[in-house]
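**Student:** Hey, dropping work.tsv in here, TSV, C-alpha atoms and all ligand atoms:
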chain	number	residue	atom	x	y	z
A	157	MET	CA	186.50	99.19	56.65
A	158	ASN	CA	189.02	101.95	57.35
A	159	PRO	CA	191.93	100.36	59.33
A	160	LYS	CA	193.08	103.81	60.53
A	161	ASN	CA	189.79	104.28	62.35
A	162	ALA	CA	190.17	100.88	64.02
A	163	LEU	CA	193.71	101.77	65.19
A	164	GLN	CA	192.41	104.96	66.77
A	165	GLY	CA	189.54	103.09	68.41
A	166	LEU	CA	187.06	104.82	66.14
A	167	ASN	CA	183.95	103.34	64.61
A	168	ASN	CA	183.58	103.21	60.83
A	169	PRO	CA	180.65	105.50	60.05
A	170	ALA	CA	177.74	104.52	57.82
A	171	ILE	CA	174.44	106.02	56.73
A	172	ILE	CA	171.26	105.02	54.91
A	173	VAL	CA	168.48	107.32	53.67
A	174	HIS	CA	165.04	106.82	52.12
A	175	GLY	CA	162.93	109.07	49.94
A	176	GLY	CA	159.60	107.35	50.44
A	177	ALA	CA	158.00	103.99	49.67
A	178	TRP	CA	155.37	104.06	46.92
A	179	SER	CA	154.85	102.99	43.31
A	180	ILE	CA	157.41	105.43	41.87
A	181	PRO	CA	156.79	105.63	38.12
A	182	ASP	CA	159.67	105.06	35.69
A	183	ASP	CA	159.72	108.68	34.60
A	184	LEU	CA	160.38	109.83	38.18
A	185	LYS	CA	163.09	107.24	38.87
A	186	ALA	CA	166.07	109.41	37.93
A	187	GLU	CA	165.10	112.38	40.08
A	188	HIS	CA	164.43	110.12	43.07
A	189	LEU	CA	167.83	108.50	42.73
A	190	VAL	CA	169.60	111.84	42.32
A	191	GLY	CA	167.80	113.13	45.42
A	192	VAL	CA	168.64	110.23	47.74
A	193	ILE	CA	172.25	110.00	46.50
A	194	ASN	CA	172.75	113.71	47.10
A	195	ALA	CA	171.33	113.30	50.62
A	196	VAL	CA	173.41	110.26	51.55
A	197	LYS	CA	176.64	111.82	50.27
A	198	THR	CA	175.94	115.00	52.24
A	199	GLY	CA	175.38	113.01	55.43
A	200	TYR	CA	178.42	110.77	54.89
A	201	GLN	CA	180.73	113.73	54.32
A	202	ILE	CA	179.78	115.01	57.77
A	203	LEU	CA	180.50	111.60	59.30
A	204	VAL	CA	183.97	111.23	57.74
A	205	GLU	CA	184.85	114.73	58.96
A	206	HIS	CA	184.16	113.48	62.51
A	207	GLY	CA	180.70	115.09	62.63
A	208	SER	CA	177.96	113.57	64.74
A	209	ALA	CA	175.31	111.14	63.53
A	210	LEU	CA	172.73	113.72	64.62
A	211	GLU	CA	174.25	116.36	62.35
A	212	ALA	CA	174.58	113.88	59.48
A	213	VAL	CA	170.92	112.77	59.54
A	214	GLU	CA	169.68	116.34	59.92
A	215	ARG	CA	171.69	117.54	56.91
A	216	ALA	CA	170.75	114.52	54.79
A	217	VAL	CA	167.07	115.19	55.46
A	218	VAL	CA	167.46	118.92	54.75
A	219	CYS	CA	168.71	117.97	51.25
A	220	MET	CA	165.48	116.06	50.63
A	221	GLU	CA	163.27	118.76	52.21
A	222	GLU	CA	164.80	121.23	49.75
A	223	ASP	CA	164.13	118.87	46.84
A	224	PRO	CA	160.50	119.09	45.58
A	225	THR	CA	160.76	115.50	44.32
A	226	PHE	CA	159.85	114.37	47.83
A	227	ASP	CA	156.89	114.84	50.14
A	228	ALA	CA	158.87	116.85	52.68
A	229	GLY	CA	159.59	120.55	53.03
A	230	ILE	CA	159.01	122.57	49.88
A	231	GLY	CA	156.79	120.82	47.33
A	232	SER	CA	154.90	118.70	49.88
A	233	PHE	CA	151.28	117.70	49.40
A	234	LEU	CA	148.67	120.31	50.34
A	235	ASN	CA	146.09	119.58	53.03
A	236	GLU	CA	142.29	119.77	52.65
A	237	GLU	CA	142.39	123.56	52.87
A	238	GLY	CA	145.15	123.94	50.30
A	239	TYR	CA	148.22	124.68	52.39
A	240	VAL	CA	151.20	122.69	53.62
A	241	GLU	CA	151.47	121.21	57.12
A	242	LEU	CA	154.75	119.46	57.87
A	243	ASP	CA	155.86	116.89	60.47
A	244	ALA	CA	159.40	115.93	61.49
A	245	LEU	CA	161.27	113.98	64.14
A	246	ILE	CA	164.94	113.77	65.05
A	247	MET	CA	166.33	111.51	67.79
A	248	ASP	CA	169.74	111.05	69.38
A	249	GLY	CA	170.36	107.41	70.30
A	250	ASN	CA	173.02	108.29	72.83
A	251	THR	CA	170.81	110.43	75.07
A	252	LEU	CA	167.33	109.38	73.87
A	253	ASN	CA	166.63	113.10	73.47
A	254	ALA	CA	164.30	113.90	70.60
A	255	GLY	CA	162.73	116.88	68.88
A	256	ALA	CA	159.35	116.39	67.25
A	257	ILE	CA	157.39	118.93	65.21
A	258	GLY	CA	153.81	118.36	64.03
A	259	ALA	CA	151.60	120.25	61.58
A	260	VAL	CA	153.92	123.24	61.27
A	261	SER	CA	152.77	125.50	58.43
A	262	ASN	CA	155.42	128.23	58.24
A	263	CYS	CA	158.74	126.38	58.18
A	264	ARG	CA	160.69	125.19	55.15
A	265	ASN	CA	162.91	122.79	57.08
A	266	PRO	CA	160.98	121.22	59.97
A	267	ILE	CA	163.88	118.85	60.64
A	268	ILE	CA	166.06	121.85	61.57
A	269	LEU	CA	163.24	123.10	63.79
A	270	ALA	CA	163.00	119.64	65.40
A	271	ARG	CA	166.77	119.70	66.04
A	272	ARG	CA	166.47	123.15	67.63
A	273	LEU	CA	163.80	121.74	69.96
A	274	LEU	CA	166.01	118.75	70.77
A	275	GLU	CA	168.93	121.03	71.67
A	276	LYS	CA	166.82	123.37	73.82
A	277	ILE	CA	167.39	122.83	77.54
A	278	ASN	CA	164.32	122.09	79.70
A	279	SER	CA	161.95	122.17	76.74
A	280	PRO	CA	159.16	119.88	75.60
A	281	MET	CA	160.13	117.19	73.08
A	282	MET	CA	157.15	117.79	70.79
A	283	LEU	CA	155.44	120.93	69.51
A	284	VAL	CA	152.46	120.93	67.15
A	285	GLY	CA	150.28	123.36	65.21
A	286	ARG	CA	150.30	126.95	66.40
A	287	GLY	CA	152.95	126.16	69.00
A	288	ALA	CA	155.27	124.82	66.31
A	289	ASP	CA	154.59	127.87	64.11
A	290	LYS	CA	155.37	130.18	67.02
A	291	PHE	CA	158.58	128.28	67.81
A	292	ALA	CA	159.65	128.60	64.14
A	293	GLU	CA	159.13	132.37	64.39
A	294	LYS	CA	160.98	132.58	67.69
A	295	VAL	CA	164.10	130.80	66.43
A	296	GLY	CA	164.15	132.55	63.05
A	297	LEU	CA	163.10	129.54	60.99
A	298	SER	CA	159.69	130.76	59.81
A	299	CYS	CA	158.74	131.55	56.23
A	300	ASP	CA	155.66	132.64	54.33
A	301	PRO	CA	153.47	129.49	54.10
A	302	LYS	CA	153.01	130.23	50.39
A	303	GLU	CA	156.75	129.64	49.89
A	304	LEU	CA	156.14	125.92	50.52
A	305	ILE	CA	153.59	125.54	47.70
A	306	ILE	CA	154.83	124.66	44.21
A	307	PRO	CA	152.70	124.80	41.02
A	308	ARG	CA	152.59	120.97	40.69
A	309	GLU	CA	150.95	120.63	44.12
A	310	GLN	CA	148.68	123.64	43.64
A	311	GLU	CA	147.41	122.01	40.45
A	312	ARG	CA	146.96	118.62	42.15
A	313	TRP	CA	144.92	120.31	44.88
A	314	GLU	CA	142.82	122.36	42.45
A	315	LYS	CA	141.96	119.23	40.46
A	316	GLY	CA	140.90	117.58	43.70
A	317	ASN	CA	140.74	113.88	44.35
A	318	VAL	CA	137.42	113.44	46.11
A	319	GLY	CA	136.53	109.77	46.22
A	320	LYS	CA	140.10	108.53	45.80
A	321	ASP	CA	141.90	106.78	48.61
A	322	ILE	CA	144.17	109.50	49.93
A	323	PHE	CA	146.34	106.91	51.62
A	324	SER	CA	147.01	105.04	48.39
A	325	PRO	CA	150.58	103.86	47.86
A	326	ASN	CA	150.57	106.08	44.76
A	327	ALA	CA	151.28	109.04	46.98
A	328	LYS	CA	154.85	110.36	46.98
A	329	GLY	CA	156.93	109.80	49.99
A	330	THR	CA	158.24	110.82	53.34
A	331	VAL	CA	162.02	111.10	53.72
A	332	GLY	CA	164.37	109.80	56.40
A	333	ALA	CA	167.95	109.07	57.37
A	334	VAL	CA	169.72	106.96	60.00
A	335	ALA	CA	173.44	107.02	60.72
A	336	VAL	CA	176.21	105.86	63.02
A	337	ASP	CA	179.21	108.12	63.58
A	338	MET	CA	182.88	107.58	64.43
A	339	ASN	CA	182.05	107.51	68.15
A	340	GLY	CA	179.51	104.74	67.57
A	341	HIS	CA	176.60	107.09	68.27
A	342	LEU	CA	173.36	106.60	66.37
A	343	ALA	CA	170.66	109.02	65.20
A	344	SER	CA	167.43	109.00	63.23
A	345	ALA	CA	165.61	111.76	61.31
A	346	THR	CA	162.28	111.68	59.45
A	347	SER	CA	160.35	114.46	57.68
A	348	THR	CA	157.06	114.52	55.78
A	349	GLY	CA	154.25	116.54	54.31
A	350	GLY	CA	151.90	113.67	55.18
A	351	SER	CA	149.13	112.58	52.86
A	352	PRO	CA	147.46	114.70	50.15
A	353	PHE	CA	144.25	116.46	51.17
A	354	LYS	CA	144.82	115.40	54.77
A	355	MET	CA	142.56	116.80	57.46
A	356	ILE	CA	143.82	119.91	59.20
A	357	GLY	CA	145.90	118.83	62.18
A	358	ARG	CA	146.32	115.23	61.01
A	359	LEU	CA	149.59	113.84	62.31
A	360	GLY	CA	150.96	110.66	60.78
A	361	ASP	CA	153.61	108.40	62.20
A	362	SER	CA	156.56	110.56	61.15
A	363	PRO	CA	156.74	112.95	64.14
A	364	LEU	CA	155.85	110.26	66.69
A	365	ILE	CA	158.77	108.90	68.71
A	366	GLY	CA	158.79	105.14	68.15
A	367	SER	CA	156.52	105.15	65.09
A	368	GLY	CA	158.17	107.35	62.43
A	369	GLY	CA	161.63	107.01	63.92
A	370	TYR	CA	163.65	105.87	66.90
A	371	ALA	CA	167.28	105.75	67.96
A	372	SER	CA	168.94	103.98	70.88
A	373	GLU	CA	172.54	103.13	71.79
A	374	VAL	CA	172.09	99.95	69.74
A	375	ALA	CA	170.25	100.92	66.55
A	376	ALA	CA	168.29	103.62	64.71
A	377	ALA	CA	165.30	103.38	62.35
A	378	SER	CA	163.16	105.63	60.13
A	379	SER	CA	159.80	104.67	58.59
A	380	THR	CA	157.82	105.64	55.50
A	381	GLY	CA	154.39	104.59	54.31
A	382	HIS	CA	150.87	104.41	55.66
A	383	GLY	CA	151.35	106.34	58.88
A	384	GLU	CA	148.33	105.00	60.73
A	385	SER	CA	149.64	101.42	60.36
A	386	PHE	CA	153.12	102.35	61.56
A	387	MET	CA	151.50	104.07	64.56
A	388	LYS	CA	149.50	100.94	65.45
A	389	LEU	CA	152.67	98.86	65.69
A	390	ASN	CA	155.04	101.53	66.99
A	391	ALA	CA	157.07	100.27	64.08
A	392	ALA	CA	160.38	102.09	64.50
A	393	LYS	CA	160.69	101.09	68.17
A	394	LEU	CA	159.69	97.55	67.23
A	395	ALA	CA	162.59	97.53	64.76
A	396	ILE	CA	165.04	98.65	67.47
A	397	ASP	CA	163.74	96.02	69.91
A	398	LEU	CA	164.26	93.32	67.26
A	399	VAL	CA	167.88	94.42	66.74
A	400	GLU	CA	168.41	94.53	70.51
A	401	GLN	CA	167.08	90.95	70.66
A	402	GLY	CA	169.77	89.82	68.19
A	403	HIS	CA	168.25	90.26	64.73
A	404	THR	CA	170.36	91.92	62.07
A	405	PRO	CA	169.01	95.26	60.81
A	406	GLN	CA	168.08	93.53	57.54
A	407	MET	CA	166.11	90.79	59.33
A	408	ALA	CA	164.44	93.33	61.61
A	409	ALA	CA	163.39	95.48	58.62
A	410	LYS	CA	161.78	92.45	56.95
A	411	ILE	CA	159.93	91.38	60.11
A	412	VAL	CA	158.56	94.89	60.72
A	413	ILE	CA	157.31	95.35	57.16
A	414	GLU	CA	155.72	91.88	57.17
A	415	LYS	CA	153.89	92.83	60.36
A	416	ILE	CA	152.76	96.09	58.75
A	417	ALA	CA	151.46	94.08	55.76
A	418	SER	CA	149.65	91.69	58.13
A	419	ILE	CA	147.47	94.60	59.33
A	420	ASN	CA	146.89	95.73	55.74
A	421	GLY	CA	149.42	98.52	55.95
A	422	TYR	CA	152.23	99.24	53.53
A	423	GLY	CA	155.51	101.10	53.48
A	424	GLY	CA	159.19	100.75	54.16
A	425	ILE	CA	161.81	101.11	56.86
A	426	ILE	CA	165.56	101.75	57.06
A	427	ILE	CA	167.67	100.55	60.01
A	428	ILE	CA	171.32	100.86	61.07
A	429	ASP	CA	173.07	99.43	64.11
A	430	LYS	CA	176.14	100.24	66.20
A	431	GLN	CA	178.24	97.80	64.17
A	432	SER	CA	177.36	99.93	61.10
A	433	ARG	CA	175.21	97.13	59.66
A	434	LEU	CA	172.47	98.41	57.36
A	435	GLY	CA	169.01	97.08	56.58
A	436	PHE	CA	165.96	98.14	54.62
A	437	HIS	CA	162.76	96.56	53.40
A	438	PHE	CA	159.53	97.77	51.79
A	439	SER	CA	156.20	96.28	50.75
A	440	THR	CA	155.35	98.89	48.12
A	441	THR	CA	156.51	98.29	44.55
A	442	ARG	CA	159.35	100.74	45.03
A	443	MET	CA	161.21	102.80	47.63
A	444	ALA	CA	163.96	105.30	46.88
A	445	TYR	CA	167.01	104.53	49.05
A	446	ALA	CA	170.73	105.17	49.17
A	447	SER	CA	173.39	104.04	51.62
A	448	ILE	CA	177.12	104.34	52.24
A	449	SER	CA	178.46	101.34	54.13
A	450	LYS	CA	181.27	101.17	56.68
A	451	GLU	CA	183.53	100.15	53.79
A	452	GLY	CA	182.59	103.42	52.04
A	453	HIS	CA	180.52	101.72	49.30
A	454	LEU	CA	177.62	103.68	47.84
A	455	ASP	CA	174.48	101.68	47.05
A	456	SER	CA	171.21	103.10	45.78
A	457	GLY	CA	168.04	102.01	44.06
A	458	ILE	CA	164.27	102.06	43.98
A	459	ASP	CA	163.46	98.40	43.24
A	460	PRO	CA	163.46	95.50	45.72
A	461	LYS	CA	166.78	93.59	45.89
A	501	LIG	N1	154.21	108.14	56.82
A	501	LIG	C1	153.88	109.48	56.64
A	501	LIG	C2	152.51	109.80	57.00
A	501	LIG	O1	151.66	108.92	57.07
A	501	LIG	O2	152.23	110.94	57.23
Go ahead and express the file in the form of structure tokens.
Ligand code: GLY
**Tutor:**
Amino acid sequence: MNPKNALQGLNNPAIIVHGGAWSIPDDLKAEHLVGVINAVKTGYQILVEHGSALEAVERAVVCMEEDPTFDAGIGSFLNEEGYVELDALIMDGNTLNAGAIGAVSNCRNPIILARRLLEKINSPMMLVGRGADKFAEKVGLSCDPKELIIPREQERWEKGNVGKDIFSPNAKGTVGAVAVDMNGHLASATSTGGSPFKMIGRLGDSPLIGSGGYASEVAAASSTGHGESFMKLNAAKLAIDLVEQGHTPQMAAKIVIEKIASINGYGGIIIIDKQSRLGFHFSTTRMAYASISKEGHLDSGIDPK
């Protein structure tokens, strides 16, 4: 804990990020760790420079959207027709304002687009499909959809996977970040390319307020995994409610993931609270995560603790 912050009445900031919960093979371990560590350090730097939690989670997620290791932004899975459709959600715990983007096909960083929607006065909180594409064009965040496709994913799509379970935990993962800043404000951000070969227009949990992410004045959470299960339980909001009822973020994460498992779902969740306490849990064999605690300690890994 930084005693100078306490003297000035400031909160000690903290942040935790995830890079998806799935059975990450050994040969992809290093790049996942590099990716989440880069993201968490980027977000933490913003927090120690008195930046907002909202800015920190957005920038942390941008790092992972720009990293083709993850199923977010460039390098995401292709849908059934062979192009990328991205979902993202960002939420400010202080105001409960959110920006949600679904099935956008022409934007490299949907989390930035979601933030632009959040900041827009008198606007909707969620835009999907053509509306999201048009918004990306309007605010200068659009790109050629082909720019989002990398050879690895083109090859995966061309080989096809008809007959395989497209929601298998072998799919690479969604990314997310939650943070608390020096003012004690919380924020959550989540971004994904969804599942491989998904139906056109399929939205998972990630852009849905309360499923893929949530932030209140008390806590913030971001989910990863089988989206339809997280939607059934409104998992991120459930996590916040558990913290508000007195559970630590770590206990809340465990309870949520056990409930997801009880309905045959799988995945992981990260949680932070106003006291800068961190929690994460996952039911898949691995989840890439990295955190920087209120004491400034960096922790990262992909295996269960
Ligand atoms: N959890 C990400 C998705 O299901 O799309």
**Student:** Given the point (151.4, 113.7, 61.6) in the coordinates of this file, which residues lie within 10 Å, counting all atoms listed in the file, and how would they look as a PyMOL selection string?
**Tutor:** chain A and resi 241-244+257-260+284+347-351+354+357-364+368+383-384
**Student:** Can you measure CA of Ile268 in chain A to CA of Ala209 in chain A for me? One decimal in Å is fine.
**Tutor:**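 These two atoms are separated by 14.3 Å.
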**Student:** Considering all atoms listed in the file, can you say which of A:Leu252, A:Val217, A:Leu273, A:Leu210 comes closest to Gly175 in chain A?
**Tutor:**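 Of A:Leu252, A:Val217, A:Leu273, A:Leu210, the one nearest Gly175 in chain A is A:Val217, counting all atoms listed in the file.
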**Student:** Check the smallest atom-to-atom distance from each of A:Asn339, A:Gln401, A:Thr251, A:Ser298 to Pro266 in chain A using only C-alpha atoms, then report the winner.
**Tutor:**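 So, comparing all the options, the nearest one is A:Ser298.
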**Student:** So, counting only C-alpha atoms and all ligand atoms, which residue among A:Glu414, A:Asp227, A:Asp289, A:Glu275 is closest to ligand LIG 501 (chain A)?
**Tutor:**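 Checking each candidate against ligand LIG 501 (chain A), we get A:Asp227 as the closest.
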**Student:** Output range 276-293 of chain A from the block with N, CA, C and O atoms, as a PDB file, in the first residue's frame?
**Tutor:**
ATOM      1  N   LYS A 276     -20.955   9.490 -25.318  1.00  0.00           N
ATOM      2  CA  LYS A 276     -21.853  10.296 -26.141  1.00  0.00           C
ATOM      3  C   LYS A 276     -23.093  10.676 -25.319  1.00  0.00           C
ATOM      4  O   LYS A 276     -23.717   9.807 -24.705  1.00  0.00           O
ATOM      5  N   ILE A 277     -23.413  11.953 -25.337  1.00  0.00           N
ATOM      6  CA  ILE A 277     -24.561  12.425 -24.546  1.00  0.00           C
ATOM      7  C   ILE A 277     -25.860  12.011 -25.264  1.00  0.00           C
ATOM      8  O   ILE A 277     -25.959  12.074 -26.484  1.00  0.00           O
ATOM      9  N   ASN A 278     -26.858  11.658 -24.477  1.00  0.00           N
ATOM     10  CA  ASN A 278     -28.185  11.302 -25.011  1.00  0.00           C
ATOM     11  C   ASN A 278     -28.109  10.261 -26.111  1.00  0.00           C
ATOM     12  O   ASN A 278     -28.765  10.387 -27.150  1.00  0.00           O
ATOM     13  N   SER A 279     -27.310   9.243 -25.925  1.00  0.00           N
ATOM     14  CA  SER A 279     -27.200   8.211 -26.964  1.00  0.00           C
ATOM     15  C   SER A 279     -27.687   6.886 -26.400  1.00  0.00           C
ATOM     16  O   SER A 279     -27.818   6.732 -25.190  1.00  0.00           O
ATOM     17  N   PRO A 280     -27.937   5.921 -27.275  1.00  0.00           N
ATOM     18  CA  PRO A 280     -28.246   4.582 -26.755  1.00  0.00           C
ATOM     19  C   PRO A 280     -27.011   4.012 -26.058  1.00  0.00           C
ATOM     20  O   PRO A 280     -25.898   4.509 -26.245  1.00  0.00           O
ATOM     21  N   MET A 281     -27.198   2.952 -25.273  1.00  0.00           N
ATOM     22  CA  MET A 281     -26.043   2.322 -24.605  1.00  0.00           C
ATOM     23  C   MET A 281     -25.525   1.144 -25.409  1.00  0.00           C
ATOM     24  O   MET A 281     -24.448   0.641 -25.134  1.00  0.00           O
ATOM     25  N   MET A 282     -26.315   0.667 -26.385  1.00  0.00           N
ATOM     26  CA  MET A 282     -25.874  -0.502 -27.150  1.00  0.00           C
ATOM     27  C   MET A 282     -26.190  -0.321 -28.623  1.00  0.00           C
ATOM     28  O   MET A 282     -27.297   0.082 -28.979  1.00  0.00           O
ATOM     29  N   LEU A 283     -25.212  -0.607 -29.480  1.00  0.00           N
ATOM     30  CA  LEU A 283     -25.420  -0.588 -30.929  1.00  0.00           C
ATOM     31  C   LEU A 283     -24.927  -1.906 -31.496  1.00  0.00           C
ATOM     32  O   LEU A 283     -23.851  -2.372 -31.118  1.00  0.00           O
ATOM     33  N   VAL A 284     -25.691  -2.491 -32.419  1.00  0.00           N
ATOM     34  CA  VAL A 284     -25.278  -3.776 -32.994  1.00  0.00           C
ATOM     35  C   VAL A 284     -25.331  -3.739 -34.526  1.00  0.00           C
ATOM     36  O   VAL A 284     -26.027  -2.915 -35.122  1.00  0.00           O
ATOM     37  N   GLY A 285     -24.596  -4.675 -35.125  1.00  0.00           N
ATOM     38  CA  GLY A 285     -24.669  -4.908 -36.565  1.00  0.00           C
ATOM     39  C   GLY A 285     -24.403  -3.664 -37.389  1.00  0.00           C
ATOM     40  O   GLY A 285     -23.428  -2.946 -37.169  1.00  0.00           O
ATOM     41  N   ARG A 286     -25.308  -3.396 -38.325  1.00  0.00           N
ATOM     42  CA  ARG A 286     -25.100  -2.281 -39.254  1.00  0.00           C
ATOM     43  C   ARG A 286     -25.001  -0.950 -38.522  1.00  0.00           C
ATOM     44  O   ARG A 286     -24.238  -0.063 -38.896  1.00  0.00           O
ATOM     45  N   GLY A 287     -25.775  -0.836 -37.437  1.00  0.00           N
ATOM     46  CA  GLY A 287     -25.741   0.405 -36.648  1.00  0.00           C
ATOM     47  C   GLY A 287     -24.371   0.623 -36.030  1.00  0.00           C
ATOM     48  O   GLY A 287     -23.867   1.754 -35.978  1.00  0.00           O
ATOM     49  N   ALA A 288     -23.764  -0.464 -35.563  1.00  0.00           N
ATOM     50  CA  ALA A 288     -22.418  -0.361 -34.967  1.00  0.00           C
ATOM     51  C   ALA A 288     -21.392  -0.030 -36.051  1.00  0.00           C
ATOM     52  O   ALA A 288     -20.494   0.796 -35.849  1.00  0.00           O
ATOM     53  N   ASP A 289     -21.540  -0.665 -37.220  1.00  0.00           N
ATOM     54  CA  ASP A 289     -20.637  -0.363 -38.344  1.00  0.00           C
ATOM     55  C   ASP A 289     -20.739   1.118 -38.730  1.00  0.00           C
ATOM     56  O   ASP A 289     -19.732   1.792 -38.971  1.00  0.00           O
ATOM     57  N   LYS A 290     -21.979   1.607 -38.797  1.00  0.00           N
ATOM     58  CA  LYS A 290     -22.182   3.003 -39.193  1.00  0.00           C
ATOM     59  C   LYS A 290     -21.594   3.955 -38.153  1.00  0.00           C
ATOM     60  O   LYS A 290     -21.004   4.982 -38.484  1.00  0.00           O
ATOM     61  N   PHE A 291     -21.741   3.593 -36.870  1.00  0.00           N
ATOM     62  CA  PHE A 291     -21.189   4.430 -35.797  1.00  0.00           C
ATOM     63  C   PHE A 291     -19.659   4.461 -35.894  1.00  0.00           C
ATOM     64  O   PHE A 291     -19.036   5.518 -35.737  1.00  0.00           O
ATOM     65  N   ALA A 292     -19.062   3.294 -36.207  1.00  0.00           N
ATOM     66  CA  ALA A 292     -17.593   3.238 -36.358  1.00  0.00           C
ATOM     67  C   ALA A 292     -17.146   4.176 -37.480  1.00  0.00           C
ATOM     68  O   ALA A 292     -16.146   4.901 -37.349  1.00  0.00           O
ATOM     69  N   GLU A 293     -17.913   4.185 -38.575  1.00  0.00           N
ATOM     70  CA  GLU A 293     -17.570   5.089 -39.689  1.00  0.00           C
ATOM     71  C   GLU A 293     -17.707   6.547 -39.257  1.00  0.00           C
ATOM     72  O   GLU A 293     -16.824   7.371 -39.503  1.00  0.00           O
TER      73      GLU A 293
END
